[in-house]
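Novice: Pasting a structure here, questions to come.
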Amino acid sequence: MDLSAINPLLFVAGFLVAATPLIFAALGELVVEKSGVLNLGVEGMMIIGAICGFATAVETGSPLLGFAAAAVGGAALSLLFAFLTQITLANQVASGLALTLFGLGFSALLGQSYVGVKPPRLDEVNFGLLHDIPVLGPILFSHDIILYLGFAMVVAVWALLKFTRAGLILRAVGESHDAAHALGYKVVRIRTLAIMFGGACAGLGGAYISLIRVPQWTEGMTAGVGWIALALVVFASWKPWRLLLGAYLFGGITQLQLNLQGAGVAIPVEYLAMSPYIITILVLVVLSADKSAAPASLGRNFHASS
Amino acid sequence: MKLSTLLASAALALGLAGGAYADAHGKTKVGFVFVGPVGDGGWTYEHNQGRLALEEEFGDQVETVFVESVAEGPDSERVMTQMALDGADLIFTTSFGYMDPTINVAAKFPDVKFEHATGYKRADNVATYSARFYEGRAIQGHIAGKMTKSNIVGYIGSFPIPEVIRGINSAYIHAKKVNPDVEFKIIWAYTWFDPAKEADAAKVLIEQGADVVLQHTDSTAPQAAAQEAGNVVTFGQASDMAQYAPFPRVSSIIDDWAPYYIERTKAVMDGTWTSTDTWDGIGPGMVAIGEISDAVPADVKEEALALKASIADGSYHPFTGPLKKQDGSDFLAEGETADDGTLAGMNFYVEGITGDIPN
């Protein structure tokens, strides 16, 4: 065992990166579910974002344009889901699963000529002197702009849901779409916007994997992050701060167990490998003892005639 | 509501039409069950190349079907059953974790032939096949031992199964032989295919001082992580991964399944198929060594090629004594080589590797 082999600064910086795709995807889904829609297509929207972002970044040479394209791509795919569930009133679970299957297949088709290509690098934000602060500098001030955007969006979504009228309306639609409709709010329109926001976020999360975390394009490269994001939303009781905590816990423990393995710590590897799932779930379940419930209209279709 | 009903019935009609179409007779139908996507750039990619070669060889006489990204375990049983019900004559299941499901499904379909890759359980209608990847690992170990400056070689393991452990041992033995100070850091990813996780594992190994990273997972993500780091040597796994040559990827192990798939399909067509156990290496060509790039010093490259030649003609066996097990007990005496039974069930590290093998 050689714990000195683990560099704590690199470890923390590494887990912030590992958690970011999860934060984006889960945050988007949180907003969608707050509006009363269950979109199981997160994985599909992420992978579409991963390839749209990758392809655009490679073609234009600009990673930021890539991220923009990823958001557009994810949102565009989510429009398909919005059409199926909001206009044709198809079953949300089935439509979401179909979206994932479609996204995985379609991204493989789009990505055929991008296998083995190296994407342009997104530089770190220049914080000047802040970067030179011991310990904090390398951990907090040595990342790309998208990582900070993820954090900022958690704050923004939290503030929006808690303090603004728009947030109140979104929550009203999610709790009781009939009441919201009776008050004159356009339920379908609001939900469609929420679904598009969720798609854009998932797309950003996917692109973060293909442009920053790996960085390459491989078919099916999201490999289940979308499903973890879905679970995280539930375990975080639809609260943005808990979601952030859960994502950092999950990313942190995942990185920690890899580090411990590398350092040869004498804990059986099979326990290390399952620890991220177990600890994250435990912590969030304990936190959710305050009986926060799912949005009351979650997963129910709305039609003005009903 | 009407539109969705319409869509649903259209989908149903298509499904029925597809089902009827799939029932064509006269062709030999060959099914493949893949653990990752065919575009993984590694393991599954090469199996799929074998499938395509099969189609090219037999043209209209065969029909191939495949299902990709099938989870190891019970779900794979469902996929195999569906293939057998759809009229497959021969089914290749291409990952270790499909072993018991393959045996179970094969018992239910005695007329369908099954071939399981890298496993050790056989039945009258289940054959096994694998490649001696450890021969390639010996060459990688040699190059790794010569090229590491930090004397730390990182190794990304997938699952602690004999095939992977064999590879670690073989690489370690040959790295140690040329560099007595070499140390292996092993991380088990517990996945065959998860690019983000594989990249994370590679990054952690690099952060902990490794300047050579070997992988036994299927995607090219560790190659990308090494490229990002800039001064880390990697090897292509299962496929050439030439898009990362000449550096970081300096060589590779390439699995060539095409001749085997063609031979076995032919046997089914002729009615001569029997349950066999095939385990071929560099000599017969099932394992190929990808071009050693110019990033490797010329003398090291020459030694590696000589090692390859001696393994190919059988004059050298990568597991040749004297070798001890990790616990210090004797494994092979001077000049003794490991038999296939020992290799197939290998569940111990050789002396010098630190850490425990997970259960």
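Chain identifiers are assigned as A, B, and so on, following the order in which chains appear in the structure tokens; residues are numbered from 1 within each chain, and ligands are numbered from 1 in order of appearance.
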Could you name the residues that touch segment 219-230 of chain B at 9 Å or less, counting only C-alpha atoms, but leaving out those on the same chain fewer than 2 positions away, as a ChimeraX atom specification?

Specialist: /A:116,118,213-218,221 /B:36,39-43,156,192-203,206,211-215,217,232-237,241,244,247-249

Novice: Can you pull out the residues contacting His216 of chain B? Cut-off 9 Å, using only C-alpha atoms, and skip same-chain residues under 4 positions away; I want them as a short mmCIF file (atom, residue, chain, number, x, y, z; two decimals) with C-alpha atoms, in the first residue's frame.

Specialist:
data_model
loop_
_atom_site.label_atom_id
_atom_site.label_comp_id
_atom_site.auth_asym_id
_atom_site.auth_seq_id
_atom_site.Cartn_x
_atom_site.Cartn_y
_atom_site.Cartn_z
CA TYR B 155 -2.65 -2.05 -16.17
CA ILE B 156 -6.40 -1.61 -16.59
CA GLY B 157 -8.09 -4.93 -15.90
CA SER B 158 -11.71 -5.63 -16.76
CA PHE B 159 -12.86 -8.57 -14.66
CA VAL B 164 -7.15 -11.29 -17.88
CA GLY B 167 -2.35 -11.43 -19.59
CA TRP B 192 -15.54 -4.38 -20.60
CA GLN B 237 -6.04 -4.02 -27.36
CA ALA B 238 -7.97 -6.60 -29.42
#

Novice: What lies within 10 Å of segment 180-192 of chain A using only C-alpha atoms, ignoring chain neighbours under 2 positions off, as an MDAnalysis selection string?

Specialist: chainID A and resid 31:37 78:79 81:83 85:87 166 169:178 194:198 301:304

Novice: For the residues selected in the previous step, produce a file with C-alpha atoms as a short mmCIF file (atom, residue, chain, number, x, y, z; two decimals), in the first residue's frame.

Specialist:
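Generated output (again-v8.cif):
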data_model
loop_
_atom_site.label_atom_id
_atom_site.label_comp_id
_atom_site.auth_asym_id
_atom_site.auth_seq_id
_atom_site.Cartn_x
_atom_site.Cartn_y
_atom_site.Cartn_z
CA VAL A 31 -36.50 20.39 -14.37
CA VAL A 32 -38.38 18.04 -16.71
CA GLU A 33 -39.71 15.99 -13.82
CA LYS A 34 -40.61 19.13 -11.86
CA SER A 35 -42.92 19.98 -14.77
CA GLY A 36 -44.57 16.58 -14.38
CA VAL A 37 -42.92 14.75 -17.26
CA SER A 78 -36.09 15.94 -26.97
CA LEU A 79 -38.58 17.70 -29.26
CA PHE A 81 -40.21 13.13 -27.19
CA ALA A 82 -42.26 16.29 -26.61
CA PHE A 83 -44.20 15.65 -29.80
CA THR A 85 -45.93 12.70 -25.27
CA GLN A 86 -47.44 16.20 -25.38
CA ILE A 87 -49.16 16.20 -28.76
CA ALA A 166 -41.60 31.09 -13.59
CA ILE A 169 -45.63 28.05 -12.55
CA LEU A 170 -43.35 25.16 -13.54
CA ARG A 171 -43.92 23.49 -10.21
CA ALA A 172 -47.67 24.13 -10.39
CA VAL A 173 -47.80 22.38 -13.77
CA GLY A 174 -45.91 19.46 -12.29
CA GLU A 175 -48.06 19.17 -9.18
CA SER A 176 -51.47 19.58 -10.75
CA HIS A 177 -51.71 20.18 -14.46
CA ASP A 178 -55.50 20.50 -14.27
CA ALA A 194 -38.99 22.05 -19.85
CA ILE A 195 -38.39 18.97 -22.01
CA MET A 196 -36.22 21.01 -24.37
CA PHE A 197 -34.23 22.38 -21.46
CA GLY A 198 -33.72 18.83 -20.24
CA ASN A 301 -50.38 12.89 -19.61
CA PHE A 302 -52.39 16.06 -19.92
CA HIS A 303 -55.07 16.95 -22.39
CA ALA A 304 -57.21 20.05 -22.10
#

Novice: Can you tell me, as a PyMOL selection string, what residues are no more than 12 Å from Ser62 of chain A when counting only C-alpha atoms, ignoring any on the same chain fewer than 2 positions away?

Specialist: chain A and resi 53-60+64-69+119-123+211

Novice: With C-alpha atoms retained, could you export that selection as a JSON list (two decimals), in the first residue's frame?

Specialist:
[["chain", "number", "residue", "atom", "x", "y", "z"],
["A", 53, "GLY", "CA", -20.71, 18.36, -29.88],
["A", 54, "PHE", "CA", -17.78, 16.26, -31.00],
["A", 55, "ALA", "CA", -18.49, 16.58, -34.71],
["A", 56, "THR", "CA", -19.07, 20.33, -34.52],
["A", 57, "ALA", "CA", -15.96, 20.90, -32.43],
["A", 58, "VAL", "CA", -13.86, 18.91, -34.89],
["A", 59, "GLU", "CA", -15.31, 20.60, -37.97],
["A", 60, "THR", "CA", -15.16, 24.16, -36.65],
["A", 64, "LEU", "CA", -17.45, 26.05, -27.37],
["A", 65, "LEU", "CA", -19.36, 25.87, -30.65],
["A", 66, "GLY", "CA", -19.32, 22.13, -30.08],
["A", 67, "PHE", "CA", -21.02, 22.50, -26.73],
["A", 68, "ALA", "CA", -23.59, 24.85, -28.27],
["A", 69, "ALA", "CA", -24.30, 22.28, -30.98],
["A", 119, "PRO", "CA", -11.02, 16.88, -30.78],
["A", 120, "PRO", "CA", -9.72, 20.42, -30.23],
["A", 121, "ARG", "CA", -8.94, 21.12, -26.60],
["A", 122, "LEU", "CA", -10.99, 23.48, -24.49],
["A", 123, "ASP", "CA", -8.56, 25.61, -22.53],
["A", 211, "LEU", "CA", -14.87, 16.54, -25.59]]

Novice: Find the residues of chain A that sit at most 8 Å from chain B; for each, write down the nearest two atoms and how far apart they are in Å, to one decimal. Count only C-alpha atoms. Sort by chain, then by number going up, and give it as a tab-separated table.

Specialist:
residue	atom	partner	partner_atom	distance
A:Ala5	CA	B:Gln208	CA	5.3
A:Ile6	CA	B:Gln208	CA	6.2
A:Asn7	CA	B:Glu207	CA	7.3
A:Leu10	CA	B:Glu207	CA	7.4
A:Ala18	CA	B:Asp200	CA	8.0
A:Leu84	CA	B:Ser4	CA	7.9
A:Thr88	CA	B:Met1	CA	5.8
A:Leu89	CA	B:Met1	CA	6.5
A:Ala90	CA	B:Ser4	CA	6.3
A:Ala108	CA	B:Gly39	CA	7.6
A:Val115	CA	B:Gly41	CA	7.9
A:Gly116	CA	B:Gln243	CA	5.3
A:Val117	CA	B:Gln243	CA	7.5
A:Lys118	CA	B:Ala224	CA	7.9
A:Ile209	CA	B:Ala196	CA	6.8
A:Arg213	CA	B:Ala196	CA	6.6
A:Val214	CA	B:Ala199	CA	5.6
A:Pro215	CA	B:Ala224	CA	6.1
A:Gln216	CA	B:Ala224	CA	6.5
A:Thr218	CA	B:Asp40	CA	5.9
A:Glu219	CA	B:Gly39	CA	5.4
A:Gly220	CA	B:Pro37	CA	6.6
A:Met221	CA	B:Pro195	CA	5.5
A:Thr222	CA	B:Ala196	CA	7.2
A:Ala223	CA	B:Asp194	CA	5.4
A:Gln255	CA	B:Asp200	CA	7.4
A:Leu258	CA	B:Ala201	CA	6.2
A:Asn259	CA	B:Val204	CA	6.0
A:Gln261	CA	B:Ile187	CA	5.5
A:Gly262	CA	B:Lys185	CA	5.6
A:Ala263	CA	B:Lys185	CA	7.4
A:Gly264	CA	B:Gly355	CA	5.8
A:Val265	CA	B:Gly355	CA	8.0
A:Ala266	CA	B:Gly355	CA	7.4
A:Pro268	CA	B:Pro358	CA	6.3
A:Val269	CA	B:Pro358	CA	5.7
A:Glu270	CA	B:Pro358	CA	6.3
A:Ala273	CA	B:Tyr190	CA	7.3

Novice: Print the selection's residues with N, CA and C atoms to a file, as an mmCIF file, in the first residue's frame.

Specialist:
data_model
loop_
_atom_site.group_PDB
_atom_site.id
_atom_site.type_symbol
_atom_site.label_atom_id
_atom_site.label_comp_id
_atom_site.auth_asym_id
_atom_site.auth_seq_id
_atom_site.Cartn_x
_atom_site.Cartn_y
_atom_site.Cartn_z
ATOM 1 N N ALA A 5 1.118 7.772 -3.211
ATOM 2 C CA ALA A 5 1.016 7.819 -4.665
ATOM 3 C C ALA A 5 -0.187 8.640 -5.118
ATOM 4 N N ILE A 6 -1.161 8.801 -4.223
ATOM 5 C CA ILE A 6 -2.356 9.561 -4.595
ATOM 6 C C ILE A 6 -2.092 11.041 -4.396
ATOM 7 N N ASN A 7 -2.249 11.797 -5.448
ATOM 8 C CA ASN A 7 -2.101 13.237 -5.341
ATOM 9 C C ASN A 7 -3.476 13.840 -5.060
ATOM 10 N N LEU A 10 -4.879 16.436 -7.628
ATOM 11 C CA LEU A 10 -5.329 15.872 -8.889
ATOM 12 C C LEU A 10 -6.594 15.053 -8.690
ATOM 13 N N ALA A 18 -15.272 14.337 -13.356
ATOM 14 C CA ALA A 18 -16.070 13.123 -13.508
ATOM 15 C C ALA A 18 -17.541 13.372 -13.171
ATOM 16 N N LEU A 84 -44.273 13.312 -29.156
ATOM 17 C CA LEU A 84 -44.931 12.039 -28.855
ATOM 18 C C LEU A 84 -45.779 12.127 -27.597
ATOM 19 N N THR A 88 -49.237 13.802 -29.177
ATOM 20 C CA THR A 88 -49.971 12.554 -29.453
ATOM 21 C C THR A 88 -50.326 11.807 -28.176
ATOM 22 N N LEU A 89 -49.897 12.316 -27.020
ATOM 23 C CA LEU A 89 -50.215 11.742 -25.712
ATOM 24 C C LEU A 89 -49.786 10.283 -25.587
ATOM 25 N N ALA A 90 -48.659 9.961 -26.200
ATOM 26 C CA ALA A 90 -48.135 8.604 -26.076
ATOM 27 C C ALA A 90 -47.611 8.374 -24.665
ATOM 28 N N ALA A 108 -24.573 6.491 -33.476
ATOM 29 C CA ALA A 108 -23.585 5.589 -34.078
ATOM 30 C C ALA A 108 -23.467 5.873 -35.574
ATOM 31 N N VAL A 115 -14.494 8.314 -35.634
ATOM 32 C CA VAL A 115 -13.788 7.387 -34.749
ATOM 33 C C VAL A 115 -12.291 7.634 -34.854
ATOM 34 N N GLY A 116 -11.641 7.805 -33.698
ATOM 35 C CA GLY A 116 -10.193 7.977 -33.705
ATOM 36 C C GLY A 116 -9.722 9.390 -33.984
ATOM 37 N N VAL A 117 -10.663 10.323 -34.126
ATOM 38 C CA VAL A 117 -10.280 11.715 -34.348
ATOM 39 C C VAL A 117 -10.036 12.375 -32.995
ATOM 40 N N LYS A 118 -9.039 13.251 -32.949
ATOM 41 C CA LYS A 118 -8.765 13.955 -31.692
ATOM 42 C C LYS A 118 -9.453 15.314 -31.736
ATOM 43 N N ILE A 209 -18.475 14.532 -21.894
ATOM 44 C CA ILE A 209 -17.759 13.247 -21.913
ATOM 45 C C ILE A 209 -16.894 13.133 -23.165
ATOM 46 N N ARG A 213 -13.831 14.732 -21.004
ATOM 47 C CA ARG A 213 -13.470 13.680 -20.060
ATOM 48 C C ARG A 213 -12.701 12.555 -20.727
ATOM 49 N N VAL A 214 -13.070 12.188 -21.970
ATOM 50 C CA VAL A 214 -12.350 11.032 -22.524
ATOM 51 C C VAL A 214 -11.102 11.379 -23.334
ATOM 52 N N PRO A 215 -10.955 12.315 -24.154
ATOM 53 C CA PRO A 215 -11.782 12.954 -25.172
ATOM 54 C C PRO A 215 -11.662 12.224 -26.509
ATOM 55 N N GLN A 216 -12.741 11.646 -26.931
ATOM 56 C CA GLN A 216 -12.805 10.964 -28.227
ATOM 57 C C GLN A 216 -14.266 10.629 -28.492
ATOM 58 N N THR A 218 -16.641 7.416 -29.324
ATOM 59 C CA THR A 218 -16.828 5.978 -29.449
ATOM 60 C C THR A 218 -18.316 5.721 -29.352
ATOM 61 N N GLU A 219 -18.799 4.805 -30.163
ATOM 62 C CA GLU A 219 -20.212 4.426 -30.084
ATOM 63 C C GLU A 219 -20.599 4.061 -28.658
ATOM 64 N N GLY A 220 -21.764 4.489 -28.241
ATOM 65 C CA GLY A 220 -22.266 4.075 -26.932
ATOM 66 C C GLY A 220 -21.412 4.534 -25.772
ATOM 67 N N MET A 221 -20.662 5.629 -25.961
ATOM 68 C CA MET A 221 -19.650 5.981 -24.977
ATOM 69 C C MET A 221 -20.232 6.509 -23.661
ATOM 70 N N THR A 222 -21.496 6.909 -23.646
ATOM 71 C CA THR A 222 -22.037 7.376 -22.369
ATOM 72 C C THR A 222 -22.228 6.208 -21.403
ATOM 73 N N ALA A 223 -22.385 5.012 -21.942
ATOM 74 C CA ALA A 223 -22.358 3.767 -21.158
ATOM 75 C C ALA A 223 -23.130 3.844 -19.841
ATOM 76 N N GLN A 255 -13.798 8.079 -8.319
ATOM 77 C CA GLN A 255 -12.385 8.420 -8.495
ATOM 78 C C GLN A 255 -11.538 7.877 -7.347
ATOM 79 N N LEU A 258 -10.780 4.210 -7.680
ATOM 80 C CA LEU A 258 -9.740 3.950 -8.684
ATOM 81 C C LEU A 258 -8.366 4.281 -8.115
ATOM 82 N N ASN A 259 -8.300 5.427 -7.398
ATOM 83 C CA ASN A 259 -7.027 5.832 -6.792
ATOM 84 C C ASN A 259 -6.547 4.822 -5.761
ATOM 85 N N GLN A 261 -7.295 1.673 -5.585
ATOM 86 C CA GLN A 261 -6.839 0.466 -6.278
ATOM 87 C C GLN A 261 -5.423 0.633 -6.802
ATOM 88 N N GLY A 262 -5.194 1.804 -7.426
ATOM 89 C CA GLY A 262 -3.871 2.055 -7.983
ATOM 90 C C GLY A 262 -2.803 2.054 -6.904
ATOM 91 N N ALA A 263 -3.173 2.580 -5.727
ATOM 92 C CA ALA A 263 -2.213 2.641 -4.626
ATOM 93 C C ALA A 263 -2.093 1.307 -3.900
ATOM 94 N N GLY A 264 -2.915 0.332 -4.286
ATOM 95 C CA GLY A 264 -2.800 -0.999 -3.703
ATOM 96 C C GLY A 264 -3.333 -1.098 -2.283
ATOM 97 N N VAL A 265 -4.380 -0.338 -1.969
ATOM 98 C CA VAL A 265 -4.964 -0.414 -0.632
ATOM 99 C C VAL A 265 -5.620 -1.779 -0.430
ATOM 100 N N ALA A 266 -5.466 -2.315 0.771
ATOM 101 C CA ALA A 266 -5.876 -3.697 1.003
ATOM 102 C C ALA A 266 -7.359 -3.857 1.317
ATOM 103 N N PRO A 268 -10.827 -5.175 -0.284
ATOM 104 C CA PRO A 268 -11.187 -5.973 -1.461
ATOM 105 C C PRO A 268 -11.780 -5.097 -2.568
ATOM 106 N N VAL A 269 -11.269 -5.287 -3.772
ATOM 107 C CA VAL A 269 -11.643 -4.422 -4.883
ATOM 108 C C VAL A 269 -13.136 -4.463 -5.168
ATOM 109 N N GLU A 270 -13.761 -5.634 -4.951
ATOM 110 C CA GLU A 270 -15.184 -5.723 -5.291
ATOM 111 C C GLU A 270 -16.018 -4.781 -4.417
ATOM 112 N N ALA A 273 -15.425 -1.258 -5.768
ATOM 113 C CA ALA A 273 -16.102 -0.994 -7.032
ATOM 114 C C ALA A 273 -17.578 -0.690 -6.834
#

Novice: Using DSSP on the backbone, list every residue of segment 113-342 of chain B that comes out as strand (DSSP E or B), and give them as a ChimeraX atom specification.

Specialist: /B:113-117,123,126-131,152-157,183-188,212-215,233-236,249-255,277-280,287-290,320,323-325,330-332,337

Novice: If you count only C-alpha atoms, which residues fall within 10 Å of Asp256 of chain B, apart from same-chain ones fewer than 4 positions away, as a tab-separated table (two decimals) with N, CA and C atoms, in the first residue's frame?

Specialist:
chain	number	residue	atom	x	y	z
B	46	GLU	N	-13.56	-6.22	-33.70
B	46	GLU	CA	-12.88	-7.31	-34.41
B	46	GLU	C	-13.79	-8.51	-34.63
B	47	HIS	N	-14.65	-8.81	-33.65
B	47	HIS	CA	-15.60	-9.91	-33.86
B	47	HIS	C	-16.54	-9.57	-35.02
B	49	GLN	N	-15.79	-7.65	-37.52
B	49	GLN	CA	-15.03	-7.81	-38.77
B	49	GLN	C	-15.06	-9.27	-39.21
B	50	GLY	N	-14.98	-10.17	-38.24
B	50	GLY	CA	-15.08	-11.60	-38.54
B	50	GLY	C	-16.43	-11.94	-39.15
B	131	ALA	N	-8.28	-17.07	-28.12
B	131	ALA	CA	-6.97	-16.82	-28.71
B	131	ALA	C	-5.97	-16.70	-27.57
B	238	ALA	N	-7.00	-5.85	-28.63
B	238	ALA	CA	-7.97	-6.60	-29.42
B	238	ALA	C	-8.01	-6.12	-30.88
B	239	SER	N	-7.85	-4.83	-31.07
B	239	SER	CA	-7.83	-4.28	-32.41
B	239	SER	C	-6.58	-3.40	-32.54
B	260	TYR	N	-11.47	-18.44	-38.39
B	260	TYR	CA	-12.18	-19.38	-37.52
B	260	TYR	C	-13.68	-19.36	-37.81
B	261	TYR	N	-14.24	-18.16	-37.92
B	261	TYR	CA	-15.68	-18.06	-38.16
B	261	TYR	C	-16.05	-18.71	-39.48
B	281	GLY	N	-2.86	-19.16	-31.21
B	281	GLY	CA	-2.09	-17.97	-30.87
B	281	GLY	C	-1.48	-17.30	-32.08
B	285	GLY	N	-2.10	-17.56	-36.38
B	285	GLY	CA	-2.57	-16.27	-36.89
B	285	GLY	C	-3.81	-15.72	-36.22
B	286	MET	N	-4.30	-16.40	-35.17
B	286	MET	CA	-5.49	-15.86	-34.51
B	286	MET	C	-5.13	-14.60	-33.71
B	287	VAL	N	-3.87	-14.56	-33.25
B	287	VAL	CA	-3.37	-13.35	-32.60
B	287	VAL	C	-2.32	-12.73	-33.52
B	288	ALA	N	-2.51	-11.48	-33.84
B	288	ALA	CA	-1.51	-10.77	-34.65
B	288	ALA	C	-0.93	-9.64	-33.82

Novice: Please tabulate, as CSV, the residues of segment 94-209 of chain A that come within 9 Å of segment 237-251 of chain A, each with its closest pair of atoms and the distance in Å to one decimal, counting only C-alpha atoms and ordering rows by chain, then residue number upward.

Specialist:
residue,atom,partner,partner_atom,distance
A:Phe151,CA,A:Leu244,CA,8.1
A:Val154,CA,A:Pro240,CA,6.0
A:Val155,CA,A:Pro240,CA,7.7
A:Val157,CA,A:Pro240,CA,7.1
A:Trp158,CA,A:Pro240,CA,5.7

Novice: Enter the distance from atom CA of Ala306 of chain B to atom CA of Asn347 of chain B, in Å, rounded to one decimal.

Specialist: 29.1 Å

Novice: Contacts of Val67 of chain B at 7 Å or less, counting only C-alpha atoms, minus same-chain residues fewer than 3 places along, as a list in words?

Specialist: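 Those residues are Phe32, Val33, Phe34 and Val70 of chain B.
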
Novice: Would you return as JSON, numbers by chain the members of segment 65-207 of chain A that DSSP assigns to helix (DSSP H, G or I) on this structure's backbone?

Specialist: {"A": [65, 66, 67, 68, 69, 70, 71, 72, 73, 74, 75, 76, 77, 78, 79, 80, 81, 82, 83, 84, 85, 86, 87, 92, 93, 94, 95, 96, 97, 98, 99, 100, 101, 102, 103, 104, 105, 106, 107, 108, 109, 110, 112, 113, 114, 128, 129, 130, 131, 132, 136, 137, 138, 139, 140, 145, 146, 147, 148, 149, 150, 151, 152, 153, 154, 155, 156, 157, 158, 159, 160, 161, 162, 163, 165, 166, 167, 168, 169, 170, 171, 172, 173, 174, 175, 177, 178, 179, 180, 181, 182, 187, 188, 189, 190, 191, 192, 193, 194, 195, 196, 197, 198, 199, 200, 201, 202, 203, 204, 205, 206, 207]}

Novice: Kindly save the residues from that selection, with C-alpha atoms included, as a short mmCIF file (atom, residue, chain, number, x, y, z; two decimals), in the first residue's frame.

Specialist:
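again.cif was written with the following content:
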data_model
loop_
_atom_site.label_atom_id
_atom_site.label_comp_id
_atom_site.auth_asym_id
_atom_site.auth_seq_id
_atom_site.Cartn_x
_atom_site.Cartn_y
_atom_site.Cartn_z
CA LEU A 65 -19.36 25.87 -30.65
CA GLY A 66 -19.32 22.13 -30.08
CA PHE A 67 -21.02 22.50 -26.73
CA ALA A 68 -23.59 24.85 -28.27
CA ALA A 69 -24.30 22.28 -30.98
CA ALA A 70 -24.58 19.57 -28.33
CA ALA A 71 -27.24 21.57 -26.51
CA VAL A 72 -29.11 22.13 -29.78
CA GLY A 73 -28.82 18.47 -30.72
CA GLY A 74 -30.06 17.26 -27.35
CA ALA A 75 -32.94 19.73 -27.42
CA ALA A 76 -33.85 18.74 -30.98
CA LEU A 77 -34.04 15.08 -30.03
CA SER A 78 -36.09 15.94 -26.97
CA LEU A 79 -38.58 17.70 -29.26
CA LEU A 80 -39.37 14.29 -30.69
CA PHE A 81 -40.21 13.13 -27.19
CA ALA A 82 -42.26 16.29 -26.61
CA PHE A 83 -44.20 15.65 -29.80
CA LEU A 84 -44.93 12.04 -28.86
CA THR A 85 -45.93 12.70 -25.27
CA GLN A 86 -47.44 16.20 -25.38
CA ILE A 87 -49.16 16.20 -28.76
CA GLN A 92 -44.03 8.63 -21.45
CA VAL A 93 -42.11 5.59 -20.27
CA ALA A 94 -42.28 3.87 -23.64
CA SER A 95 -41.47 7.08 -25.53
CA GLY A 96 -38.48 7.75 -23.28
CA LEU A 97 -37.08 4.27 -23.76
CA ALA A 98 -37.61 4.58 -27.49
CA LEU A 99 -35.75 7.89 -27.42
CA THR A 100 -32.76 6.22 -25.78
CA LEU A 101 -32.69 3.41 -28.34
CA PHE A 102 -33.08 5.86 -31.19
CA GLY A 103 -30.37 8.15 -29.79
CA LEU A 104 -27.87 5.32 -29.42
CA GLY A 105 -28.47 4.07 -32.94
CA PHE A 106 -28.61 7.46 -34.61
CA SER A 107 -25.45 8.68 -32.87
CA ALA A 108 -23.59 5.59 -34.08
CA LEU A 109 -24.64 6.47 -37.62
CA LEU A 110 -23.65 10.13 -37.28
CA GLN A 112 -18.97 6.80 -38.20
CA SER A 113 -16.38 9.14 -39.65
CA TYR A 114 -15.28 10.52 -36.28
CA GLY A 128 -4.69 34.87 -13.29
CA LEU A 129 -3.44 35.04 -9.74
CA LEU A 130 -6.20 32.86 -8.30
CA HIS A 131 -4.69 29.86 -10.05
CA ASP A 132 -1.52 30.28 -8.02
CA LEU A 136 -7.32 25.82 -3.76
CA GLY A 137 -5.84 27.08 -7.02
CA PRO A 138 -5.29 23.70 -8.69
CA ILE A 139 -8.55 22.32 -7.31
CA LEU A 140 -10.97 25.17 -7.98
CA ILE A 145 -15.62 27.08 -18.53
CA ILE A 146 -18.21 24.32 -18.98
CA LEU A 147 -17.46 22.83 -15.58
CA TYR A 148 -18.19 26.19 -13.96
CA LEU A 149 -21.29 26.51 -16.13
CA GLY A 150 -22.56 23.23 -14.65
CA PHE A 151 -22.17 24.56 -11.16
CA ALA A 152 -23.73 27.91 -12.07
CA MET A 153 -26.72 26.16 -13.60
CA VAL A 154 -27.39 24.25 -10.40
CA VAL A 155 -27.53 27.57 -8.58
CA ALA A 156 -29.68 29.10 -11.31
CA VAL A 157 -32.18 26.23 -11.36
CA TRP A 158 -32.41 26.24 -7.60
CA ALA A 159 -33.06 29.99 -7.52
CA LEU A 160 -35.51 29.77 -10.39
CA LEU A 161 -37.56 27.04 -8.78
CA LYS A 162 -37.52 28.62 -5.35
CA PHE A 163 -37.79 32.36 -5.86
CA ARG A 165 -42.74 33.22 -10.67
CA ALA A 166 -41.60 31.09 -13.59
CA GLY A 167 -40.43 28.46 -11.15
CA LEU A 168 -43.71 28.56 -9.33
CA ILE A 169 -45.63 28.05 -12.55
CA LEU A 170 -43.35 25.16 -13.54
CA ARG A 171 -43.92 23.49 -10.21
CA ALA A 172 -47.67 24.13 -10.39
CA VAL A 173 -47.80 22.38 -13.77
CA GLY A 174 -45.91 19.46 -12.29
CA GLU A 175 -48.06 19.17 -9.18
CA HIS A 177 -51.71 20.18 -14.46
CA ASP A 178 -55.50 20.50 -14.27
CA ALA A 179 -55.31 23.30 -11.72
CA ALA A 180 -52.58 25.04 -13.69
CA HIS A 181 -54.66 24.73 -16.83
CA ALA A 182 -57.71 26.14 -15.03
CA VAL A 187 -49.47 23.27 -19.73
CA VAL A 188 -48.30 21.70 -22.98
CA ARG A 189 -46.17 24.69 -23.92
CA ILE A 190 -44.53 24.88 -20.49
CA ARG A 191 -43.82 21.18 -20.46
CA THR A 192 -42.39 21.29 -23.96
CA LEU A 193 -40.01 24.04 -22.92
CA ALA A 194 -38.99 22.05 -19.85
CA ILE A 195 -38.39 18.97 -22.01
CA MET A 196 -36.22 21.01 -24.37
CA PHE A 197 -34.23 22.38 -21.46
CA GLY A 198 -33.72 18.83 -20.24
CA GLY A 199 -32.57 17.77 -23.70
CA ALA A 200 -30.12 20.65 -23.96
CA CYS A 201 -28.65 19.86 -20.55
CA ALA A 202 -28.32 16.17 -21.36
CA GLY A 203 -26.63 17.12 -24.63
CA LEU A 204 -24.13 19.30 -22.76
CA GLY A 205 -23.43 16.46 -20.37
CA GLY A 206 -22.81 14.07 -23.24
CA ALA A 207 -20.50 16.50 -24.98
#
